[in-house]
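K.L.:
So here's protein_18.txt, just compact mmCIF, C-alpha atoms:
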```txt
# COMPACT_ATOMS: atom_id res chain seq x y z
CA MET B 1 -6.91 -14.30 14.64
CA ALA B 2 -8.94 -11.41 13.31
CA ASP B 3 -10.01 -9.40 10.29
CA ARG B 4 -9.79 -6.14 12.27
CA VAL B 5 -7.55 -4.33 14.72
CA PRO B 6 -8.49 -1.57 17.19
CA GLY B 7 -8.24 2.11 16.39
CA LEU B 8 -9.60 4.75 14.05
CA THR B 9 -10.06 4.12 10.35
CA TYR B 10 -7.64 5.37 7.71
CA ARG B 11 -10.18 7.96 6.60
CA ALA B 12 -10.83 9.24 10.13
CA VAL B 13 -7.12 9.68 10.86
CA PHE B 14 -6.57 11.37 7.50
CA LYS B 15 -9.40 13.84 8.01
CA GLY B 16 -8.45 14.58 11.61
CA ILE B 17 -4.79 15.35 10.91
CA ASN B 18 -5.78 17.34 7.84
CA LEU B 19 -8.01 19.50 10.06
CA LEU B 20 -5.04 20.16 12.37
CA LEU B 21 -2.91 21.15 9.37
CA GLN B 22 -5.56 23.55 8.10
CA GLU B 23 -5.88 25.14 11.54
CA ASP B 24 -2.12 25.63 11.97
CA SER B 25 -2.21 23.48 15.10
CA ASN B 26 1.00 23.05 17.09
CA ILE B 27 -0.04 19.56 18.25
CA VAL B 28 2.46 16.82 17.40
CA THR B 29 0.41 13.83 16.30
CA ASP B 30 1.77 10.34 16.99
CA ILE B 31 0.02 7.67 14.89
CA VAL B 32 0.13 4.29 16.62
CA GLY B 33 -0.83 1.13 14.76
CA HIS B 34 0.28 -2.25 13.49
CA GLY B 35 2.88 -2.45 10.74
CA GLY B 36 1.62 -2.40 7.18
CA ILE B 37 -1.83 -0.88 7.74
CA GLY B 38 -0.95 2.32 5.86
CA LYS B 39 0.39 4.82 8.43
CA SER B 40 3.26 5.99 6.23
CA GLN B 41 1.09 6.04 3.13
CA LEU B 42 -1.48 8.17 4.97
CA VAL B 43 1.08 10.86 5.86
CA ARG B 44 2.46 10.86 2.32
CA GLU B 45 -1.06 11.27 0.94
CA LEU B 46 -1.72 14.11 3.38
CA ALA B 47 1.34 15.92 2.08
CA ALA B 48 0.42 15.25 -1.55
CA ALA B 49 -3.21 16.31 -1.08
CA ASN B 50 -2.08 19.67 0.33
CA ASP B 51 0.92 20.07 -2.00
CA PHE B 52 3.25 20.16 1.02
CA PRO B 53 6.91 19.10 0.66
CA PHE B 54 7.45 15.78 2.42
CA PHE B 55 10.51 14.40 4.18
CA GLU B 56 10.75 11.09 6.05
CA ILE B 57 13.14 9.54 8.56
CA THR B 58 12.97 5.91 9.68
CA CYS B 59 14.07 6.35 13.28
CA SER B 60 14.85 2.67 13.90
CA LEU B 61 17.73 2.93 11.41
CA LEU B 62 19.35 5.95 13.00
CA GLN B 63 22.77 5.64 14.58
CA PRO B 64 24.57 8.19 16.79
CA GLY B 65 25.62 11.10 14.58
CA ASP B 66 23.02 10.43 11.89
CA LEU B 67 20.89 13.42 12.90
CA THR B 68 23.77 15.84 13.43
CA MET B 69 27.29 15.08 12.33
CA PRO B 70 30.15 17.15 13.81
CA VAL B 71 32.66 18.38 11.23
CA PRO B 72 35.87 19.87 12.70
CA LYS B 73 37.08 23.13 11.17
CA GLU B 74 40.32 25.00 11.88
CA ASP B 75 38.75 27.26 14.51
CA ARG B 76 35.42 25.62 15.26
CA ILE B 77 33.18 22.60 14.91
CA ASP B 78 30.30 22.76 12.47
CA TYR B 79 27.34 20.39 12.43
CA TYR B 80 25.77 18.93 9.32
CA LEU B 81 22.11 18.04 9.63
CA ASN B 82 20.58 14.78 8.52
CA PRO B 83 19.73 15.23 4.79
CA GLN B 84 16.00 14.79 5.47
CA VAL B 85 15.99 17.38 8.26
CA GLN B 86 18.11 19.74 6.16
CA GLY B 87 15.77 19.21 3.23
CA ALA B 88 12.79 20.12 5.39
CA VAL B 89 14.55 23.24 6.66
CA ASP B 90 15.55 24.32 3.15
CA ALA B 91 12.05 23.69 1.77
CA ALA B 92 10.46 25.62 4.64
CA GLU B 93 12.79 28.59 4.18
CA ALA B 94 12.21 28.60 0.43
CA ASN B 95 8.41 28.44 0.90
CA PRO B 96 7.66 30.33 4.14
CA ASP B 97 3.92 30.40 3.41
CA LYS B 98 3.66 26.63 2.87
CA LYS B 99 3.84 23.86 5.46
CA VAL B 100 6.51 21.18 5.19
CA ILE B 101 5.91 17.69 6.61
CA LEU B 102 8.75 16.03 8.51
CA PHE B 103 7.62 12.46 9.19
CA LEU B 104 9.42 10.46 11.87
CA ASP B 105 8.48 6.80 11.36
CA GLU B 106 9.14 3.98 13.87
CA PHE B 107 9.60 6.71 16.44
CA ASN B 108 9.74 4.35 19.43
CA ARG B 109 12.43 2.05 18.04
CA PRO B 110 15.72 4.00 17.91
CA ILE B 111 18.58 3.09 20.21
CA ALA B 112 18.91 5.05 23.47
CA MET B 113 21.80 7.22 22.24
CA VAL B 114 19.60 8.58 19.44
CA GLN B 115 16.52 9.22 21.56
CA GLY B 116 18.00 12.36 23.15
CA GLU B 117 18.50 14.02 19.77
CA LEU B 118 14.99 13.06 18.69
CA MET B 119 13.61 14.61 21.89
CA ASN B 120 15.34 17.89 21.06
CA LEU B 121 13.98 17.73 17.53
CA VAL B 122 10.39 17.15 18.62
CA LEU B 123 10.22 19.06 21.92
CA GLN B 124 12.64 21.93 21.32
CA ARG B 125 12.45 21.91 17.50
CA ASN B 126 16.19 22.34 17.54
CA LEU B 127 19.28 20.32 16.67
CA MET B 128 22.67 21.61 17.82
CA GLY B 129 21.55 25.23 17.71
CA ILE B 130 19.72 24.96 14.38
CA ASP B 131 16.02 25.73 14.76
CA LEU B 132 13.24 24.23 12.67
CA PRO B 133 11.25 26.93 10.86
CA ASP B 134 7.72 27.42 12.21
CA ASN B 135 6.17 25.99 9.05
CA VAL B 136 7.81 22.57 9.51
CA VAL B 137 5.16 20.19 10.88
CA ILE B 138 6.40 17.08 12.68
CA ILE B 139 4.25 13.95 12.56
CA THR B 140 5.43 10.73 14.20
CA ALA B 141 4.29 7.12 13.82
CA GLU B 142 5.09 3.96 15.68
CA ASN B 143 4.12 0.35 16.19
CA PRO B 144 2.26 -0.24 19.45
CA SER B 145 4.00 -1.42 22.58
CA SER B 146 2.11 -3.84 24.81
CA ASP B 147 1.20 -1.05 27.26
CA VAL B 148 -0.89 0.82 24.69
CA GLU B 149 -4.57 0.32 25.43
CA GLY B 150 -6.11 -1.99 22.86
CA PHE B 151 -2.75 -3.47 21.85
CA GLU B 152 -1.95 -5.45 24.97
CA GLY B 153 -0.98 -8.56 23.00
CA SER B 154 1.47 -6.84 20.64
CA SER B 155 5.10 -7.95 20.58
CA TYR B 156 6.97 -5.28 18.63
CA ALA B 157 10.56 -4.57 19.66
CA THR B 158 9.89 -1.05 20.93
CA ASN B 159 11.69 1.10 23.48
CA ALA B 160 10.09 2.74 26.50
CA ARG B 161 8.94 6.23 25.61
CA ASP B 162 10.26 9.22 27.50
CA MET B 163 7.53 10.72 29.67
CA ALA B 164 8.29 14.21 28.34
CA ILE B 165 7.68 13.04 24.79
CA ASN B 166 4.62 11.09 25.83
CA ASP B 167 3.19 14.11 27.61
CA ARG B 168 3.69 16.49 24.68
CA THR B 169 2.40 14.43 21.78
CA MET B 170 -1.12 13.32 20.96
CA ARG B 171 -1.44 9.57 20.46
CA ILE B 172 -3.89 8.59 17.73
CA ARG B 173 -4.51 4.87 17.49
CA MET B 174 -5.02 3.79 13.91
CA GLY B 175 -6.66 0.46 13.24
CA THR B 176 -8.30 -1.15 10.29
CA THR B 177 -10.59 -3.90 9.14
CA LEU B 178 -9.79 -6.15 6.23
CA ASP B 179 -12.28 -4.33 4.02
CA GLN B 180 -10.92 -0.91 4.97
CA TRP B 181 -7.36 -2.08 4.36
CA LEU B 182 -8.28 -3.50 0.98
CA GLU B 183 -9.90 -0.22 -0.04
CA SER B 184 -7.37 2.25 1.37
CA PHE B 185 -4.11 0.34 0.83
CA ALA B 186 -4.22 -3.07 -0.82
CA GLN B 187 -6.01 -1.93 -3.98
CA ALA B 188 -3.99 1.29 -4.31
CA ASP B 189 -1.70 1.63 -7.32
CA HIS B 190 1.80 0.29 -6.74
CA PRO B 191 4.28 3.20 -6.96
CA LYS B 192 6.95 1.08 -8.64
CA ARG B 193 4.80 -1.32 -10.68
CA PRO B 194 2.52 0.51 -13.13
CA GLY B 195 -0.85 -1.16 -13.49
CA ARG B 196 -0.35 -3.27 -10.38
CA SER B 197 -1.86 -2.91 -6.95
CA MET B 198 0.02 -2.74 -3.66
CA ILE B 199 -1.22 -6.23 -2.73
CA HIS B 200 -1.29 -8.98 -5.36
CA PRO B 201 -4.83 -9.89 -6.55
CA LEU B 202 -4.39 -13.54 -5.51
CA ILE B 203 -3.72 -12.46 -1.94
CA ARG B 204 -6.66 -10.06 -1.91
CA ASP B 205 -8.92 -12.77 -3.27
CA PHE B 206 -7.71 -15.27 -0.67
CA LEU B 207 -8.29 -12.88 2.23
CA GLN B 208 -11.78 -12.00 1.04
CA ALA B 209 -12.82 -15.53 0.18
CA GLU B 210 -11.29 -17.83 2.79
CA GLY B 211 -8.62 -16.04 4.78
CA ARG B 212 -10.36 -13.27 6.69
CA GLN B 213 -9.30 -14.78 10.00
CA TYR B 214 -5.70 -14.65 8.78
CA PHE B 215 -5.66 -10.94 8.04
CA ILE B 216 -3.67 -10.21 11.16
CA VAL B 217 -2.48 -12.65 13.81
CA ILE B 218 -0.38 -11.77 16.86
CA ASP B 219 1.17 -14.93 18.28
CA GLU B 220 4.46 -14.58 20.14
CA THR B 221 5.02 -18.36 20.04
CA ARG B 222 5.54 -18.27 16.26
CA ASP B 223 8.42 -16.74 14.34
CA LYS B 224 6.16 -15.67 11.45
CA ASN B 225 2.61 -14.36 11.57
CA PRO B 226 0.23 -13.12 8.88
CA THR B 227 0.08 -9.33 9.08
CA PRO B 228 -0.55 -6.55 6.55
CA ARG B 229 3.21 -6.02 6.27
CA ALA B 230 3.73 -9.75 5.67
CA TYR B 231 1.18 -9.73 2.84
CA GLU B 232 2.98 -6.75 1.32
CA ARG B 233 6.20 -8.79 1.32
CA LEU B 234 4.42 -11.83 -0.12
CA SER B 235 3.01 -9.66 -2.89
CA GLU B 236 6.53 -8.63 -3.81
CA LEU B 237 7.50 -12.30 -4.07
CA PHE B 238 4.57 -12.99 -6.39
CA TYR B 239 5.36 -9.97 -8.56
CA ASN B 240 9.00 -11.12 -8.77
CA TYR B 241 7.92 -14.51 -10.09
CA GLU B 242 5.51 -12.96 -12.59
CA GLY B 243 8.12 -10.42 -13.64
CA ALA B 244 10.42 -13.33 -14.51
CA GLY B 245 7.66 -14.76 -16.72
CA TYR B 246 6.28 -17.49 -14.43
CA ASP B 247 2.60 -18.27 -13.90
CA LEU B 248 1.98 -18.71 -10.18
CA LEU B 249 -0.87 -21.14 -10.82
CA ASP B 250 1.04 -23.24 -13.36
CA LEU B 251 4.64 -23.43 -12.20
CA ALA B 252 6.39 -26.37 -13.85
CA ASP B 253 9.86 -25.88 -12.35
CA ASP B 254 9.92 -28.03 -9.21
CA ASP B 255 12.76 -26.10 -7.59
CA LEU B 256 11.11 -22.72 -8.12
CA LEU B 257 7.82 -24.18 -6.90
CA ALA B 258 9.48 -25.44 -3.72
CA PHE B 259 11.09 -22.03 -3.18
CA LEU B 260 7.71 -20.32 -3.68
CA VAL B 261 5.99 -22.61 -1.16
CA GLU B 262 8.73 -22.01 1.40
CA GLY B 263 8.55 -18.29 0.66
CA ILE B 264 4.82 -18.23 1.35
CA ASP B 265 5.38 -19.89 4.74
CA GLY B 266 8.33 -17.60 5.33
CA CYS B 267 6.17 -14.51 4.86
CA ILE B 268 2.88 -15.34 6.59
CA GLY B 269 3.73 -18.38 8.71
CA GLU B 270 3.14 -22.07 8.23
CA GLU B 271 -0.51 -22.25 9.30
CA ALA B 272 -1.73 -19.37 7.15
CA GLY B 273 0.63 -20.49 4.39
CA GLN B 274 -0.90 -23.97 4.25
CA VAL B 275 -4.41 -22.54 4.13
CA PHE B 276 -3.33 -20.19 1.34
CA LEU B 277 -1.76 -23.04 -0.65
CA SER B 278 -4.93 -25.11 -0.28
CA TYR B 279 -6.89 -22.14 -1.57
CA LEU B 280 -4.62 -21.84 -4.61
CA GLN B 281 -4.86 -25.56 -5.34
CA THR B 282 -8.65 -25.56 -5.27
CA HIS B 283 -8.73 -22.55 -7.57
CA GLN B 284 -6.30 -23.84 -10.17
CA GLY B 285 -7.71 -24.58 -13.54
CA ASP B 286 -8.24 -22.85 -16.86
CA PHE B 287 -6.88 -19.34 -17.10
CA ILE B 288 -6.87 -16.88 -20.00
CA LYS B 289 -3.56 -15.08 -20.25
CA ALA B 290 -3.36 -11.50 -21.46
CA SER B 291 -1.30 -12.64 -24.44
CA GLU B 292 -4.22 -14.77 -25.68
CA VAL B 293 -6.43 -11.71 -25.94
CA VAL B 294 -3.71 -9.45 -27.32
CA GLU B 295 -2.64 -11.90 -30.02
CA ALA B 296 -6.19 -12.80 -31.09
CA LYS B 297 -7.48 -11.38 -34.37
CA GLY B 298 -10.53 -9.31 -35.18
CA PRO B 299 -12.82 -7.12 -33.06
CA HIS B 300 -14.27 -9.98 -31.01
CA LEU B 301 -12.96 -12.99 -29.15
CA ASP B 302 -13.70 -16.48 -30.39
CA ALA B 303 -16.69 -18.15 -28.78
CA SER B 304 -14.37 -20.82 -27.37
CA ILE B 305 -12.45 -18.21 -25.34
CA LEU B 306 -15.64 -16.59 -24.10
CA ASP B 307 -17.02 -19.99 -23.11
CA ARG B 308 -13.88 -20.67 -21.08
CA TYR B 309 -14.21 -17.29 -19.45
CA GLN B 310 -17.87 -17.79 -18.57
CA ALA B 311 -17.05 -21.13 -16.96
CA MET B 312 -14.57 -19.53 -14.53
CA GLN B 313 -15.31 -18.55 -10.96
CA ALA B 314 -15.88 -14.85 -10.39
CA ILE B 315 -12.55 -14.24 -8.67
CA ARG B 316 -10.66 -15.90 -11.55
CA LYS B 317 -12.50 -13.69 -14.06
CA LYS B 318 -11.45 -10.73 -11.97
CA ARG B 319 -7.81 -11.76 -12.17
CA VAL B 320 -8.02 -12.27 -15.95
CA ILE B 321 -9.42 -8.77 -16.49
CA GLU B 322 -6.92 -7.25 -14.06
CA ASP B 323 -3.99 -8.99 -15.73
CA LEU B 324 -5.17 -7.83 -19.15
CA THR B 325 -5.57 -4.29 -17.81
CA ALA B 326 -2.05 -4.36 -16.39
CA TYR B 327 -0.70 -5.58 -19.74
CA LEU B 328 -2.34 -2.69 -21.59
CA LEU B 329 -1.00 -0.18 -19.09
CA ASP B 330 2.49 -1.60 -19.60
CA HIS B 331 2.08 -1.29 -23.40
CA GLU B 332 0.36 2.05 -23.91
CA ASP B 333 0.92 1.88 -27.66
CA LEU B 334 -1.79 -0.80 -27.77
CA LEU B 335 -4.43 1.68 -26.54
CA THR B 336 -4.95 2.81 -30.15
CA ASP B 337 -5.75 -0.74 -31.33
CA GLN B 338 -9.53 -0.59 -31.65
CA ASP B 339 -9.91 -4.33 -32.29
CA LEU B 340 -7.94 -5.14 -29.12
CA LEU B 341 -10.01 -2.69 -27.08
CA SER B 342 -13.15 -4.33 -28.44
CA ARG B 343 -11.84 -7.77 -27.39
CA TYR B 344 -11.04 -6.32 -23.94
CA LEU B 345 -14.65 -5.11 -23.83
CA ASP B 346 -15.87 -8.64 -24.60
CA LEU B 347 -14.36 -9.83 -21.32
CA PHE B 348 -15.38 -6.73 -19.40
CA LEU B 349 -19.03 -7.15 -20.39
CA ALA B 350 -18.92 -10.82 -19.35
CA THR B 351 -17.65 -10.01 -15.83
CA GLU B 352 -19.87 -9.63 -12.77
CA ALA B 353 -20.39 -6.07 -11.55
CA ASP B 354 -18.82 -6.67 -8.12
CA GLU B 355 -15.64 -8.02 -9.68
CA VAL B 356 -14.96 -4.97 -11.88
CA TYR B 357 -16.41 -2.19 -9.72
CA SER B 358 -13.00 -1.30 -8.27
CA LEU B 359 -11.53 -1.27 -11.79
CA VAL B 360 -14.27 1.07 -13.05
CA LYS B 361 -13.72 3.32 -10.04
CA ARG B 362 -9.97 3.47 -10.70
CA LEU B 363 -10.57 4.25 -14.37
CA ASN B 364 -13.02 7.04 -13.59
CA GLU B 365 -10.70 8.63 -11.04
CA ALA B 366 -7.50 8.31 -13.09
CA GLU B 367 -5.52 11.38 -14.08
CA ALA B 368 -6.04 12.18 -17.75
CA ASP B 369 -2.30 12.08 -18.53
CA SER B 370 -1.72 8.72 -16.82
CA ALA B 371 -1.71 5.30 -18.51
CA LEU B 372 -4.92 4.42 -16.65
CA GLY B 373 -6.47 7.69 -17.81
CA GLY B 374 -5.48 6.86 -21.37
CA LEU B 375 -7.21 3.48 -21.11
CA ASN B 376 -10.31 5.12 -19.68
CA GLN B 377 -10.42 7.59 -22.55
CA ALA B 378 -9.92 4.82 -25.13
CA LEU B 379 -12.69 2.66 -23.64
CA SER B 380 -15.04 5.64 -23.36
CA ASN B 381 -15.22 5.71 -27.16
CA PHE B 382 -17.30 2.53 -26.92
CA ASP B 383 -20.94 3.10 -26.01
CA ALA B 384 -21.18 -0.43 -24.59
CA TYR B 385 -18.43 0.37 -22.09
CA VAL B 386 -19.95 3.70 -21.06
CA ASP B 387 -23.36 2.12 -20.49
CA ARG B 388 -22.00 -0.88 -18.58
CA ALA B 389 -19.67 1.22 -16.42
CA PHE B 390 -22.62 3.43 -15.45
CA GLU B 391 -24.76 0.38 -14.61
CA ILE B 392 -21.97 -1.12 -12.46
CA THR B 393 -21.41 2.10 -10.57
CA MET B 394 -25.11 2.55 -9.84
CA ALA B 395 -25.72 -1.10 -8.95
CA VAL B 396 -22.86 -1.35 -6.46
CA SER B 397 -23.53 2.06 -4.89
CA LYS B 398 -27.11 1.00 -4.06
CA LYS B 399 -25.96 -2.04 -2.04
```
Kindly present the structure from the file in structure tokens form.
P.N.:
Amino acid sequence: MADRVPGLTYRAVFKGINLLLQEDSNIVTDIVGHGGIGKSQLVRELAAANDFPFFEITCSLLQPGDLTMPVPKEDRIDYYLNPQVQGAVDAAEANPDKKVILFLDEFNRPIAMVQGELMNLVLQRNLMGIDLPDNVVIITAENPSSDVEGFEGSSYATNARDMAINDRTMRIRMGTTLDQWLESFAQADHPKRPGRSMIHPLIRDFLQAEGRQYFIVIDETRDKNPTPRAYERLSELFYNYEGAGYDLLDLADDDLLAFLVEGIDGCIGEEAGQVFLSYLQTHQGDFIKASEVVEAKGPHLDASILDRYQAMQAIRKKRVIEDLTAYLLDHEDLLTDQDLLSRYLDLFLATEADEVYSLVKRLNEAEADSALGGLNQALSNFDAYVDRAFEITMAVSKK
């Protein structure tokens, strides 16, 4: 059990590969690390940061013929490329002065009949006579096999790597600590759920408060272990329940509660699941829903609501303010309601600096035309918000 895994940090890997891209290096980088720590996200962000077209293939899903499909003609046989490879070729030819990223994920998990084609793609940069343009950059990623130094206890279903591939790629081990993972991945905006983070706040709170030793566990004797990928799946379960209108901390339907409990165990394993459930039970209690603040009247919340809020533990306050923020981002028309923004500010001002620092940071860094940017602009009309946000930023940065 650990709150860290070996390897370079997200930032170090990002900066190193970015240097290679800027220097037009011909090195094929192979990122090796546990599932769910952000390898794929890192390569996508590299492409986005440089405005490079990005194409991705999950190699474990490939079947014979998926990379090149023979199509018989009257006098010949033509080959159609995999859509992602063809897309990379087309983008490279259309933009010869711009790099194109072709990302091969789970590179050490395809079946043997596919490995030969992948070798040609990576080593020869060619598939059935079709060459990759020089400006296509191949980056691979894989989960560690047990023979990778530092990952001797891993149990991923990987295939033995061809020595030619191994000799012509540069392995970069990517690791993480819980805190690094929370900053680089868990707290990042969810691409399909506006206003939500990649990892549900309850899970982030649990890991920080009582579950650090359950951040990542490799135990071959168990069918389910807590891992970053498992917490990503558990977050999806929580968001599904909330999307259907259920409060995870006040679930009255016994059948749905039983399914949720089983789902928690089924994502992160029974031991971590029981610890997580105990954590939730000890942190149940009063909670202020976003609707209470939205439906209140006037520029300030009633003293009774503020008293309830002040009586909450810090992590519960954080969830209240995050839920309210998510609600506003889902209903952008409310950002012009000055009384509602003032009531939002009542809660914000009553929240500890550490609990809203990440929120302030996200607001400050938001694109102006995004929902988060709109909220930042609306709140910036209040002097009390501007002053408090500055104090929070300075106070936390000095720690």
K.L.:
Can you measure atom CA of B:Asp354 to atom CA of B:Thr393 for me? One decimal in Å is fine.
P.N.:
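Interatomic distance, atom CA of B:Asp354 to atom CA of B:Thr393: 9.5 Å.
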K.L.:
Could you please determine the separation between atom CA of B:Glu93 and atom CA of B:Ile77 in Å, to one decimal place?
P.N.:
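Pair atom CA of B:Glu93 / atom CA of B:Ile77 returns 23.8 Å.
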K.L.:
Compare B:Pro96, B:Pro226, B:Gly298, B:Gly116 by their minimum atom-to-atom distance to B:Asp265, counting only C-alpha atoms, and give me the closest one.
P.N.:
B:Pro226
K.L.:
Once you count all atoms listed in the file, which residues end up no further than 8 Å from (16.9, 25.0, 8.3) in the file's frame, shown as a PyMOL selection string?
P.N.:
chain B and resi 85-90+92-93+130-133
K.L.:
Give me the residues near B:Ser370 as a PyMOL selection string, where near means some atom within 12 Å (using all atoms listed in the file) and where sequence neighbours in that chain fewer than 6 positions away do not count.
P.N.:
chain B and resi 189+194-195+329-330+332+362-364+376-377
K.L.:
How about saving the chosen residues, C-alpha atoms kept, as a PDB file, in the frame of the given file?
P.N.:
```
ATOM      1  CA  ASP B 189      -1.700   1.630  -7.320  1.00  0.00           C
ATOM      2  CA  PRO B 194       2.520   0.510 -13.130  1.00  0.00           C
ATOM      3  CA  GLY B 195      -0.850  -1.160 -13.490  1.00  0.00           C
ATOM      4  CA  LEU B 329      -1.000  -0.180 -19.090  1.00  0.00           C
ATOM      5  CA  ASP B 330       2.490  -1.600 -19.600  1.00  0.00           C
ATOM      6  CA  GLU B 332       0.360   2.050 -23.910  1.00  0.00           C
ATOM      7  CA  ARG B 362      -9.970   3.470 -10.700  1.00  0.00           C
ATOM      8  CA  LEU B 363     -10.570   4.250 -14.370  1.00  0.00           C
ATOM      9  CA  ASN B 364     -13.020   7.040 -13.590  1.00  0.00           C
ATOM     10  CA  ASN B 376     -10.310   5.120 -19.680  1.00  0.00           C
ATOM     11  CA  GLN B 377     -10.420   7.590 -22.550  1.00  0.00           C
TER      12      GLN B 377
END
```
